[in-house]
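Chemist: Got a structure for you, written out below as structure tokens; questions coming shortly.
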Amino acid sequence: MTFPSLKIGDLVARVPIIQGGMGIGISLSGLAAAVADQGGIGVIATAALGVFCDDKEVGYLEASVKILRDEIRKAKEATKGILGVNIMVALTNFADMVKTSISEGVDVILSGAGLPLDLPTYLKEGARTKLVPIVSSAKAARIICKRWLTRYNMLPDAFVVEGPLAGGHLGFTTEQLDDPNFSLQKIIPEVVAVISQFEREKGVKIPVIAAGGIYTGADILEIMKLGAAGVQMGTRFVATDECDADDEFKKTYVNAREEDLVIIESPVGLPGRAIKNDFIDSIQKGLKKPFKCPYHCISSCNCSDSPYCIAMALANAKKGKLKAGFAFAGQNAYRVDKILSVRDLMHTLEEEYDKAKAQTEAS
């Protein structure tokens, strides 16, 4: 037995796993290429890339485009596999990131943190890039499908449905995170039911990809039984040799305990899941980290009243400077106990999937 493939239009991934796009700078060309090379879909995160530009003469917006272009090209040189980019709707340079990605010929654009209602307007004739919204409810999926059909006579190529156990910014209220009515297991069948109506209407197949809290191959099997065609996983890929973050960042996952996974209120106006550390402790005690916002990278960020800069904090963490930042992580990050290669991780997940499937068929 082996994993089933994941088909998104005319793209076929041998492994039904999309590696989550993790910012800031956690998943760049190194991780994306390694995942794509193993048959999954590797994803470069585009959030606040301009932060990493060392040339002070180059502005943030220009630097973001240049770094994204460089990362896409490096990934393409390293693999013939399927590559995507994650572009948050809330980015102030959303349009530039989308245009750059399409012009560089990325295979997939995944877009959440808001509804990507106008995403199809950026597709030029002949472009083969697949458009995949990230949603947290059947209602959001329906809104996007209706808008795209009405205005562009097209539907999304796939949907990623992210549940409340994911890492980073979450599309739920704090109260909904522990409410079983908003669990991934509840949302997936609801989204599949909504999508099926549009599939029948247009005679197309729109795969639904589950994300948030999926940790083992057995988890993959269980969520696919509910109608998911594949999964998106972020946390597992952080603790890999090829992840683009500093080793100190990866060690925060290895050393994390279950009680270290906490929900914080982010300056961008959303709850977020992170690994508790001294930086987060100081923020929660009301200690302000003085800063000037040189980027305004997220449109919803309350940068004038925020106690810290989210872009700076996450960029520092990516570089291993955890005293000046923190690591976002999924709820299962505490289960990570070692750093391994992407190849070994994929092999482990496939073995777990096969074992779970064999047990299911034998019972």
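Chain labels follow the order of the structure tokens: the first chain is A, the next B, and so on; residue numbering restarts at 1 in every chain, and ligands are counted from 1 in their shown order.
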At most 9 Å is the cut-off: for each residue in segment 16-72 of chain A with any atom that close to an atom of segment 310-334 of chain A, write down the nearest atom pair and the distance in Å rounded to one decimal, counting only C-alpha atoms, chain first then increasing number, as JSON lines.
Modeler:
```
{"residue": "A:Met22", "atom": "CA", "partner": "A:Phe328", "partner_atom": "CA", "distance": 8.9}
{"residue": "A:Gly23", "atom": "CA", "partner": "A:Leu314", "partner_atom": "CA", "distance": 7.6}
{"residue": "A:Ile24", "atom": "CA", "partner": "A:Ala315", "partner_atom": "CA", "distance": 5.7}
{"residue": "A:Gly25", "atom": "CA", "partner": "A:Lys318", "partner_atom": "CA", "distance": 6.5}
{"residue": "A:Ile26", "atom": "CA", "partner": "A:Lys318", "partner_atom": "CA", "distance": 6.3}
{"residue": "A:Ala47", "atom": "CA", "partner": "A:Ala311", "partner_atom": "CA", "distance": 8.7}
{"residue": "A:Ala48", "atom": "CA", "partner": "A:Ala311", "partner_atom": "CA", "distance": 6.7}
{"residue": "A:Val51", "atom": "CA", "partner": "A:Ala315", "partner_atom": "CA", "distance": 7.3}
{"residue": "A:Phe52", "atom": "CA", "partner": "A:Ala315", "partner_atom": "CA", "distance": 7.8}
```
Chemist: Enumerate the residues of segment 65-248 of chain A with a DSSP assignment of strand (DSSP E), computed from the backbone, and present them as number ranges by chain.
Modeler: A: 82-86, 108-111, 130-135, 159-162, 168-169, 208-211, 230-233
Chemist: Find the spatial neighbours of Leu184 of chain A, counting only C-alpha atoms, within a cut-off of 8 Å - ignore same-chain residues fewer than 3 positions away - and output them as a VMD selection string.
Modeler: chain A and resid 161 to 164 187 to 188 210 to 212
Chemist: Can you spit out the residues from that selection as a PDB file, in the first residue's frame, using N, CA and C atoms?
Modeler:
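The resulting selection_19.pdb:
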```pdb
ATOM      1  N   VAL A 161      -8.828  23.642   4.029  1.00  0.00           N
ATOM      2  CA  VAL A 161      -9.715  23.939   5.150  1.00  0.00           C
ATOM      3  C   VAL A 161      -8.904  23.800   6.435  1.00  0.00           C
ATOM      4  N   GLU A 162      -8.689  24.932   7.107  1.00  0.00           N
ATOM      5  CA  GLU A 162      -7.826  24.941   8.287  1.00  0.00           C
ATOM      6  C   GLU A 162      -8.649  24.964   9.565  1.00  0.00           C
ATOM      7  N   GLY A 163      -8.405  23.990  10.434  1.00  0.00           N
ATOM      8  CA  GLY A 163      -9.109  23.883  11.703  1.00  0.00           C
ATOM      9  C   GLY A 163      -8.412  24.644  12.822  1.00  0.00           C
ATOM     10  N   PRO A 164      -8.982  24.615  14.020  1.00  0.00           N
ATOM     11  CA  PRO A 164      -8.497  25.430  15.132  1.00  0.00           C
ATOM     12  C   PRO A 164      -7.231  24.928  15.825  1.00  0.00           C
ATOM     13  N   ILE A 187     -15.840  20.427  10.386  1.00  0.00           N
ATOM     14  CA  ILE A 187     -15.843  21.376   9.269  1.00  0.00           C
ATOM     15  C   ILE A 187     -15.645  20.687   7.919  1.00  0.00           C
ATOM     16  N   ILE A 188     -14.756  19.694   7.864  1.00  0.00           N
ATOM     17  CA  ILE A 188     -14.426  19.053   6.579  1.00  0.00           C
ATOM     18  C   ILE A 188     -15.674  18.520   5.862  1.00  0.00           C
ATOM     19  N   ALA A 210      -7.347  19.091   4.092  1.00  0.00           N
ATOM     20  CA  ALA A 210      -7.531  19.365   5.518  1.00  0.00           C
ATOM     21  C   ALA A 210      -6.233  19.834   6.163  1.00  0.00           C
ATOM     22  N   ALA A 211      -6.349  20.805   7.079  1.00  0.00           N
ATOM     23  CA  ALA A 211      -5.166  21.350   7.742  1.00  0.00           C
ATOM     24  C   ALA A 211      -5.477  21.692   9.196  1.00  0.00           C
ATOM     25  N   GLY A 212      -4.451  21.571  10.032  1.00  0.00           N
ATOM     26  CA  GLY A 212      -4.590  21.969  11.425  1.00  0.00           C
ATOM     27  C   GLY A 212      -4.687  20.790  12.371  1.00  0.00           C
TER      28      GLY A 212
END
```
Chemist: With segment 36-46 of chain A as the partner and 12 Å as the cut-off, tabulate the residues of segment 232-256 of chain A that qualify, each row holding the nearest pair of atoms and their distance in Å to one decimal, using only C-alpha atoms, sorted by chain and rising number, as CSV.
Modeler:
```
residue,atom,partner,partner_atom,distance
A:Gln232,CA,A:Ile41,CA,9.1
A:Met233,CA,A:Ile41,CA,10.5
A:Gly234,CA,A:Val43,CA,10.0
A:Phe237,CA,A:Gly42,CA,10.4
A:Glu242,CA,A:Gly42,CA,11.6
A:Cys243,CA,A:Ile44,CA,10.9
A:Asp244,CA,A:Ile44,CA,10.1
```
Chemist: Convert the current residue selection to file output with C-alpha atoms, as a PDB file, in the first residue's frame.
Modeler:
```pdb
ATOM      1  CA  GLN A 232      -1.668  20.359   4.670  1.00  0.00           C
ATOM      2  CA  MET A 233       0.943  19.960   7.412  1.00  0.00           C
ATOM      3  CA  GLY A 234       3.174  22.630   8.902  1.00  0.00           C
ATOM      4  CA  PHE A 237       8.079  20.051   8.663  1.00  0.00           C
ATOM      5  CA  GLU A 242      15.763  21.260   5.328  1.00  0.00           C
ATOM      6  CA  CYS A 243      13.488  23.730   7.152  1.00  0.00           C
ATOM      7  CA  ASP A 244      14.750  27.259   6.490  1.00  0.00           C
TER       8      ASP A 244
END
```
Chemist: Name the residues of segment 77-294 of chain A that come out as alpha helix (DSSP H) in a backbone DSSP run; write them as a PyMOL selection string.
Modeler: chain A and resi 77-78+94-103+138-152+184-202+217-225+235-238+247-255+278-284
Chemist: One number please: atom CA of Val85 of chain A to atom CA of Ile134 of chain A, in Å, one decimal.
Modeler: 12.2 Å
Chemist: Nearest residue to Thr216 of chain A out of A:Lys250, A:Arg142, A:His169, A:Arg335, using only C-alpha atoms?
Modeler: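 Nearest candidate to Thr216 of chain A out of A:Lys250, A:Arg142, A:His169, A:Arg335: A:Arg335.
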